[in-house]
>>> print(open('run27.txt').read())   # compact mmCIF, N, CA and C atoms
# COMPACT_ATOMS: atom_id res chain seq x y z
N MET A 193 13.64 -53.88 -11.57
CA MET A 193 15.00 -53.40 -11.59
C MET A 193 15.02 -51.92 -11.99
N SER A 194 16.01 -51.23 -11.50
CA SER A 194 16.11 -49.80 -11.81
C SER A 194 16.79 -49.60 -13.16
N GLU A 195 16.39 -48.52 -13.82
CA GLU A 195 16.97 -48.20 -15.11
C GLU A 195 18.29 -47.48 -14.92
N ILE A 196 19.16 -47.65 -15.87
CA ILE A 196 20.42 -46.92 -15.83
C ILE A 196 20.15 -45.51 -16.36
N ARG A 197 20.58 -44.53 -15.61
CA ARG A 197 20.33 -43.15 -15.98
C ARG A 197 21.38 -42.71 -17.01
N ARG A 198 20.91 -42.21 -18.16
CA ARG A 198 21.83 -41.73 -19.19
C ARG A 198 22.16 -40.27 -18.94
N LYS A 199 23.38 -39.90 -19.26
CA LYS A 199 23.80 -38.50 -19.13
C LYS A 199 24.10 -37.96 -20.51
N PHE A 200 23.64 -36.75 -20.78
CA PHE A 200 23.85 -36.12 -22.06
C PHE A 200 24.76 -34.92 -21.88
N ASP A 201 25.74 -34.78 -22.76
CA ASP A 201 26.65 -33.65 -22.62
C ASP A 201 25.96 -32.35 -23.07
N GLN A 202 26.57 -31.24 -22.70
CA GLN A 202 25.98 -29.92 -22.95
C GLN A 202 25.77 -29.68 -24.44
N GLU A 203 26.70 -30.12 -25.26
CA GLU A 203 26.59 -29.91 -26.71
C GLU A 203 25.37 -30.62 -27.28
N PHE A 204 25.10 -31.84 -26.83
CA PHE A 204 23.93 -32.59 -27.29
C PHE A 204 22.64 -31.88 -26.88
N ARG A 205 22.61 -31.42 -25.64
CA ARG A 205 21.42 -30.71 -25.14
C ARG A 205 21.13 -29.46 -25.97
N GLU A 206 22.19 -28.66 -26.19
CA GLU A 206 22.01 -27.43 -26.95
C GLU A 206 21.55 -27.73 -28.37
N GLY A 207 22.10 -28.80 -28.96
CA GLY A 207 21.70 -29.19 -30.32
C GLY A 207 20.23 -29.60 -30.37
N ALA A 208 19.79 -30.37 -29.38
CA ALA A 208 18.40 -30.80 -29.34
C ALA A 208 17.46 -29.62 -29.18
N VAL A 209 17.83 -28.69 -28.32
CA VAL A 209 17.00 -27.50 -28.11
C VAL A 209 16.98 -26.67 -29.39
N ARG A 210 18.12 -26.55 -30.07
CA ARG A 210 18.19 -25.79 -31.31
C ARG A 210 17.28 -26.40 -32.37
N ILE A 211 17.23 -27.74 -32.43
CA ILE A 211 16.35 -28.40 -33.41
C ILE A 211 14.89 -28.03 -33.14
N VAL A 212 14.49 -28.09 -31.88
CA VAL A 212 13.10 -27.75 -31.53
C VAL A 212 12.82 -26.30 -31.87
N ARG A 213 13.74 -25.42 -31.52
CA ARG A 213 13.54 -23.98 -31.72
C ARG A 213 13.54 -23.61 -33.20
N ASP A 214 14.49 -24.15 -33.97
CA ASP A 214 14.63 -23.74 -35.37
C ASP A 214 13.61 -24.40 -36.30
N THR A 215 13.30 -25.67 -36.07
CA THR A 215 12.40 -26.38 -36.99
C THR A 215 10.94 -26.18 -36.64
N GLY A 216 10.66 -25.90 -35.38
CA GLY A 216 9.27 -25.74 -34.96
C GLY A 216 8.55 -27.06 -34.79
N LYS A 217 9.29 -28.16 -34.84
CA LYS A 217 8.68 -29.48 -34.64
C LYS A 217 8.27 -29.63 -33.18
N PRO A 218 7.27 -30.46 -32.91
CA PRO A 218 6.87 -30.71 -31.52
C PRO A 218 8.00 -31.37 -30.73
N ILE A 219 8.04 -31.05 -29.45
CA ILE A 219 9.07 -31.62 -28.57
C ILE A 219 9.01 -33.14 -28.58
N ALA A 220 7.83 -33.70 -28.56
CA ALA A 220 7.68 -35.16 -28.51
C ALA A 220 8.29 -35.81 -29.75
N GLN A 221 8.09 -35.21 -30.91
CA GLN A 221 8.62 -35.79 -32.15
C GLN A 221 10.15 -35.72 -32.17
N VAL A 222 10.72 -34.58 -31.79
CA VAL A 222 12.18 -34.44 -31.76
C VAL A 222 12.77 -35.39 -30.73
N ALA A 223 12.10 -35.53 -29.59
CA ALA A 223 12.58 -36.44 -28.55
C ALA A 223 12.61 -37.88 -29.07
N ARG A 224 11.56 -38.29 -29.78
CA ARG A 224 11.52 -39.64 -30.35
C ARG A 224 12.65 -39.84 -31.35
N ASP A 225 12.87 -38.85 -32.21
CA ASP A 225 13.92 -38.94 -33.22
C ASP A 225 15.32 -39.06 -32.59
N LEU A 226 15.51 -38.38 -31.47
CA LEU A 226 16.83 -38.39 -30.82
C LEU A 226 16.97 -39.49 -29.78
N GLY A 227 15.87 -40.14 -29.44
CA GLY A 227 15.92 -41.20 -28.43
C GLY A 227 16.01 -40.66 -27.01
N VAL A 228 15.38 -39.51 -26.79
CA VAL A 228 15.39 -38.86 -25.48
C VAL A 228 13.96 -38.82 -24.96
N ASN A 229 13.80 -38.87 -23.66
CA ASN A 229 12.48 -38.74 -23.05
C ASN A 229 11.93 -37.36 -23.37
N ALA A 230 10.66 -37.29 -23.73
CA ALA A 230 10.03 -36.02 -24.11
C ALA A 230 10.04 -35.03 -22.93
N GLY A 231 9.85 -35.53 -21.72
CA GLY A 231 9.86 -34.64 -20.54
C GLY A 231 11.23 -34.03 -20.32
N THR A 232 12.27 -34.82 -20.57
CA THR A 232 13.64 -34.32 -20.42
C THR A 232 13.92 -33.22 -21.43
N LEU A 233 13.57 -33.47 -22.69
CA LEU A 233 13.77 -32.46 -23.73
C LEU A 233 12.92 -31.22 -23.44
N GLY A 234 11.73 -31.44 -22.95
CA GLY A 234 10.86 -30.31 -22.58
C GLY A 234 11.50 -29.45 -21.51
N ASN A 235 12.15 -30.07 -20.54
CA ASN A 235 12.84 -29.31 -19.49
C ASN A 235 13.99 -28.49 -20.07
N TRP A 236 14.74 -29.10 -20.99
CA TRP A 236 15.84 -28.37 -21.62
C TRP A 236 15.33 -27.17 -22.40
N VAL A 237 14.24 -27.36 -23.14
CA VAL A 237 13.67 -26.27 -23.94
C VAL A 237 13.14 -25.16 -23.02
N ALA A 238 12.48 -25.54 -21.93
CA ALA A 238 11.94 -24.54 -21.00
C ALA A 238 13.07 -23.73 -20.35
N LYS A 239 14.14 -24.40 -19.98
CA LYS A 239 15.28 -23.71 -19.37
C LYS A 239 15.90 -22.74 -20.37
N ASP A 240 16.06 -23.18 -21.61
CA ASP A 240 16.63 -22.32 -22.65
C ASP A 240 15.73 -21.10 -22.89
N ARG A 241 14.44 -21.33 -22.94
CA ARG A 241 13.49 -20.24 -23.16
C ARG A 241 13.55 -19.22 -22.02
N ALA A 242 13.62 -19.71 -20.78
CA ALA A 242 13.70 -18.81 -19.62
C ALA A 242 14.98 -17.98 -19.65
N GLU A 243 16.08 -18.62 -20.03
CA GLU A 243 17.35 -17.89 -20.11
C GLU A 243 17.31 -16.82 -21.19
N ARG A 244 16.69 -17.15 -22.33
CA ARG A 244 16.61 -16.19 -23.43
C ARG A 244 15.68 -15.03 -23.09
N GLU A 245 14.55 -15.29 -22.46
CA GLU A 245 13.59 -14.23 -22.14
C GLU A 245 14.08 -13.36 -21.00
N GLY A 246 14.88 -13.93 -20.11
CA GLY A 246 15.36 -13.15 -18.97
C GLY A 246 16.30 -12.03 -19.36
N THR A 247 17.06 -12.20 -20.43
CA THR A 247 18.03 -11.18 -20.84
C THR A 247 17.78 -10.69 -22.25
N GLN A 248 16.64 -10.97 -22.80
CA GLN A 248 16.35 -10.57 -24.17
C GLN A 248 16.31 -9.05 -24.27
N GLY A 249 17.04 -8.51 -25.22
CA GLY A 249 17.04 -7.08 -25.45
C GLY A 249 18.03 -6.31 -24.59
N LEU A 250 18.76 -6.98 -23.72
CA LEU A 250 19.73 -6.30 -22.87
C LEU A 250 21.15 -6.64 -23.32
N SER A 251 21.99 -5.64 -23.36
CA SER A 251 23.40 -5.88 -23.67
C SER A 251 24.10 -6.38 -22.42
N THR A 252 25.32 -6.83 -22.57
CA THR A 252 26.06 -7.32 -21.39
C THR A 252 26.31 -6.19 -20.41
N GLY A 253 26.50 -4.97 -20.92
CA GLY A 253 26.67 -3.82 -20.03
C GLY A 253 25.41 -3.53 -19.24
N ASP A 254 24.26 -3.65 -19.92
CA ASP A 254 22.98 -3.43 -19.24
C ASP A 254 22.74 -4.48 -18.16
N ILE A 255 23.10 -5.71 -18.46
CA ILE A 255 22.92 -6.79 -17.48
C ILE A 255 23.79 -6.54 -16.26
N ALA A 256 25.04 -6.11 -16.49
CA ALA A 256 25.95 -5.82 -15.37
C ALA A 256 25.42 -4.65 -14.54
N GLU A 257 24.91 -3.61 -15.21
CA GLU A 257 24.38 -2.46 -14.48
C GLU A 257 23.13 -2.85 -13.69
N LEU A 258 22.28 -3.67 -14.28
CA LEU A 258 21.08 -4.13 -13.58
C LEU A 258 21.45 -4.90 -12.32
N LYS A 259 22.45 -5.75 -12.43
CA LYS A 259 22.91 -6.53 -11.27
C LYS A 259 23.45 -5.60 -10.19
N ARG A 260 24.26 -4.59 -10.60
CA ARG A 260 24.82 -3.64 -9.64
C ARG A 260 23.72 -2.83 -8.96
N LEU A 261 22.74 -2.38 -9.74
CA LEU A 261 21.65 -1.57 -9.17
C LEU A 261 20.79 -2.38 -8.21
N ARG A 262 20.55 -3.65 -8.54
CA ARG A 262 19.78 -4.50 -7.61
C ARG A 262 20.52 -4.68 -6.30
N ALA A 263 21.84 -4.84 -6.36
CA ALA A 263 22.63 -4.97 -5.13
C ALA A 263 22.58 -3.67 -4.33
N GLU A 264 22.64 -2.53 -5.02
CA GLU A 264 22.58 -1.23 -4.34
C GLU A 264 21.22 -1.03 -3.67
N VAL A 265 20.15 -1.41 -4.35
CA VAL A 265 18.80 -1.29 -3.78
C VAL A 265 18.69 -2.14 -2.52
N ALA A 266 19.23 -3.35 -2.57
CA ALA A 266 19.17 -4.23 -1.40
C ALA A 266 19.92 -3.60 -0.23
N GLU A 267 21.09 -3.00 -0.50
CA GLU A 267 21.87 -2.36 0.56
C GLU A 267 21.12 -1.15 1.13
N LEU A 268 20.53 -0.35 0.27
CA LEU A 268 19.79 0.83 0.74
C LEU A 268 18.57 0.43 1.57
N ARG A 269 17.92 -0.65 1.19
CA ARG A 269 16.78 -1.11 1.98
C ARG A 269 17.22 -1.55 3.37
N MET A 270 18.37 -2.21 3.46
CA MET A 270 18.88 -2.61 4.77
C MET A 270 19.21 -1.38 5.62
N GLU A 271 19.85 -0.38 5.00
CA GLU A 271 20.18 0.85 5.74
C GLU A 271 18.92 1.55 6.21
N ARG A 272 17.89 1.60 5.36
CA ARG A 272 16.62 2.21 5.74
C ARG A 272 16.01 1.51 6.94
N ASP A 273 16.04 0.18 6.93
CA ASP A 273 15.47 -0.59 8.03
C ASP A 273 16.22 -0.33 9.34
N VAL A 274 17.55 -0.21 9.25
CA VAL A 274 18.33 0.08 10.45
C VAL A 274 17.95 1.45 10.99
N LEU A 275 17.82 2.44 10.10
CA LEU A 275 17.45 3.78 10.55
C LEU A 275 16.05 3.81 11.15
N LYS A 276 15.12 3.07 10.58
CA LYS A 276 13.77 3.00 11.15
C LYS A 276 13.81 2.46 12.57
N ARG A 277 14.57 1.39 12.74
CA ARG A 277 14.66 0.78 14.09
C ARG A 277 15.31 1.73 15.08
N SER A 278 16.35 2.45 14.65
CA SER A 278 17.03 3.35 15.57
C SER A 278 16.12 4.52 15.96
N VAL A 279 15.31 5.03 15.04
CA VAL A 279 14.38 6.11 15.36
C VAL A 279 13.34 5.63 16.37
N VAL A 280 12.84 4.42 16.15
CA VAL A 280 11.85 3.87 17.09
C VAL A 280 12.47 3.74 18.47
N LEU A 281 13.68 3.22 18.54
CA LEU A 281 14.34 3.08 19.85
C LEU A 281 14.58 4.44 20.49
N TRP A 282 14.97 5.44 19.69
CA TRP A 282 15.20 6.77 20.22
C TRP A 282 13.92 7.37 20.78
N VAL A 283 12.82 7.24 20.04
CA VAL A 283 11.53 7.77 20.50
C VAL A 283 11.10 7.07 21.77
N LEU A 284 11.24 5.76 21.81
CA LEU A 284 10.85 5.01 23.01
C LEU A 284 11.70 5.41 24.21
N SER A 285 12.99 5.63 24.01
CA SER A 285 13.84 6.01 25.15
C SER A 285 13.48 7.41 25.64
N ARG A 286 13.16 8.34 24.72
CA ARG A 286 12.78 9.70 25.15
C ARG A 286 11.45 9.69 25.88
N SER A 287 10.51 8.90 25.43
CA SER A 287 9.22 8.88 26.10
C SER A 287 9.33 8.18 27.45
N ARG A 288 10.22 7.19 27.53
CA ARG A 288 10.41 6.49 28.79
C ARG A 288 11.10 7.40 29.81
N ASP A 289 12.12 8.17 29.37
CA ASP A 289 12.85 9.06 30.26
C ASP A 289 12.12 10.38 30.45
N ASN A 290 11.19 10.68 29.58
CA ASN A 290 10.43 11.92 29.60
C ASN A 290 11.35 13.13 29.46
N THR A 291 12.46 12.96 28.73
CA THR A 291 13.43 14.05 28.57
C THR A 291 12.92 15.15 27.67
N HIS A 292 11.93 14.88 26.85
CA HIS A 292 11.42 15.92 25.97
C HIS A 292 10.67 17.00 26.75
N ASN A 293 10.31 16.74 27.99
CA ASN A 293 9.63 17.73 28.83
C ASN A 293 10.56 18.33 29.87
N ALA A 294 11.86 18.09 29.78
CA ALA A 294 12.79 18.55 30.80
C ALA A 294 12.78 20.07 30.93
N GLU A 295 12.69 20.81 29.84
CA GLU A 295 12.69 22.27 29.88
C GLU A 295 11.51 22.80 30.68
N HIS A 296 10.36 22.18 30.55
CA HIS A 296 9.17 22.63 31.26
C HIS A 296 9.27 22.36 32.76
N ARG A 297 9.99 21.32 33.13
CA ARG A 297 10.09 20.99 34.55
C ARG A 297 11.16 21.83 35.24
N ILE A 298 12.17 22.28 34.52
CA ILE A 298 13.29 22.99 35.14
C ILE A 298 13.00 24.47 35.32
N MET A 299 12.48 25.12 34.27
CA MET A 299 12.28 26.56 34.32
C MET A 299 10.80 26.92 34.31
N PRO A 300 10.43 27.93 35.07
CA PRO A 300 9.05 28.41 34.98
C PRO A 300 8.84 29.10 33.62
N ARG A 301 7.60 29.27 33.25
CA ARG A 301 7.25 29.79 31.93
C ARG A 301 7.86 31.17 31.65
N THR A 302 7.83 32.06 32.59
CA THR A 302 8.34 33.42 32.34
C THR A 302 9.83 33.41 32.06
N ALA A 303 10.60 32.59 32.74
CA ALA A 303 12.04 32.53 32.50
C ALA A 303 12.31 31.96 31.10
N ARG A 304 11.55 30.98 30.71
CA ARG A 304 11.72 30.39 29.37
C ARG A 304 11.45 31.44 28.30
N ASN A 305 10.39 32.22 28.49
CA ASN A 305 10.03 33.24 27.51
C ASN A 305 11.11 34.31 27.39
N ARG A 306 11.70 34.70 28.52
CA ARG A 306 12.76 35.70 28.48
C ARG A 306 13.97 35.16 27.71
N LEU A 307 14.28 33.89 27.92
CA LEU A 307 15.42 33.31 27.21
C LEU A 307 15.17 33.24 25.71
N ARG A 308 13.94 33.08 25.34
CA ARG A 308 13.60 32.99 23.92
C ARG A 308 13.34 34.37 23.31
N GLY A 309 13.44 35.44 24.09
CA GLY A 309 13.22 36.77 23.56
C GLY A 309 11.76 37.19 23.55
N LYS A 310 10.93 36.53 24.38
CA LYS A 310 9.51 36.86 24.40
C LYS A 310 9.14 37.59 25.70
N GLY A 311 10.13 38.11 26.36
CA GLY A 311 9.87 38.77 27.64
C GLY A 311 9.38 40.19 27.45
N SER A 312 9.39 40.97 28.53
CA SER A 312 8.86 42.33 28.49
C SER A 312 9.84 43.29 27.82
N VAL A 313 11.11 42.93 27.74
CA VAL A 313 12.09 43.81 27.10
C VAL A 313 12.04 43.61 25.61
N SER A 314 11.90 44.69 24.90
CA SER A 314 11.77 44.60 23.44
C SER A 314 13.16 44.59 22.82
N THR A 315 13.33 43.78 21.82
CA THR A 315 14.62 43.70 21.14
C THR A 315 14.61 44.50 19.84
N HIS A 316 13.46 45.17 19.54
CA HIS A 316 13.34 45.94 18.31
C HIS A 316 13.87 47.33 18.53
N SER A 317 14.52 47.89 17.54
CA SER A 317 14.99 49.29 17.67
C SER A 317 14.04 50.18 16.90
N ALA A 318 13.83 51.36 17.41
CA ALA A 318 12.85 52.27 16.81
C ALA A 318 13.45 53.19 15.83
>>> encode(input="run27.txt", output="structure tokens")
Amino acid sequence: MSEIRRKFDQEFREGAVRIVRDTGKPIAQVARDLGVNAGTLGNWVAKDRAEREGTQGLSTGDIAELKRLRAEVAELRMERDVLKRSVVLWVLSRSRDNTHNAEHRIMPRTARNRLRGKGSVSTHSA
């Protein structure tokens, strides 16, 4: 037959974890004293420890700022990835169309040089 699953309210859980934390008694002993499975109490203690270590030393303002900065970093990474993809597409389209060589195909070298100021006429004044 299956066992009936007991439910413990939040206040009882916090009290049990506090007993383990404050007294330093082993989890198994506290679990026996309270009539709780040692594995269950161990899970509660581990969860409490993780919550305490995750924000230890940080004020509520620091936690809020950390959350905001992480969201901003995620957004910036997405924007960076979009820009990378657009540059790749732009480069591929230019190489496919060969538009980067259009100036060389349209004008002969001497005409290009004159337009750039490299012709025989000097632009310097004496």
>>> atom_distance(input="run27.txt", atom1="atom CA of A:Thr215", atom2="atom CA of A:Ser251")
26.8 Å
>>> atom_distance(input="run27.txt", atom1="atom CA of A:Arg241", atom2="atom N of A:Ile255")
18.0 Å
>>> atom_distance(input="run27.txt", atom1="atom CA of A:Glu264", atom2="atom N of A:Thr252")
19.3 Å
>>> residues_around(input="run27.txt", residues="stretch 200-203 of chain A", least_positions_apart="3", cutoff="12 Å", atoms="only C-alpha atoms", output="ChimeraX atom specification")
/A:197,206-210,226-229,232-233,236
>>> select_by_dssp(input="run27.txt", residues="stretch 195-265 of chain A", states="alpha helix (DSSP H)", output="PyMOL selection string")
chain A and resi 202-215+219-226+230-246+252-265
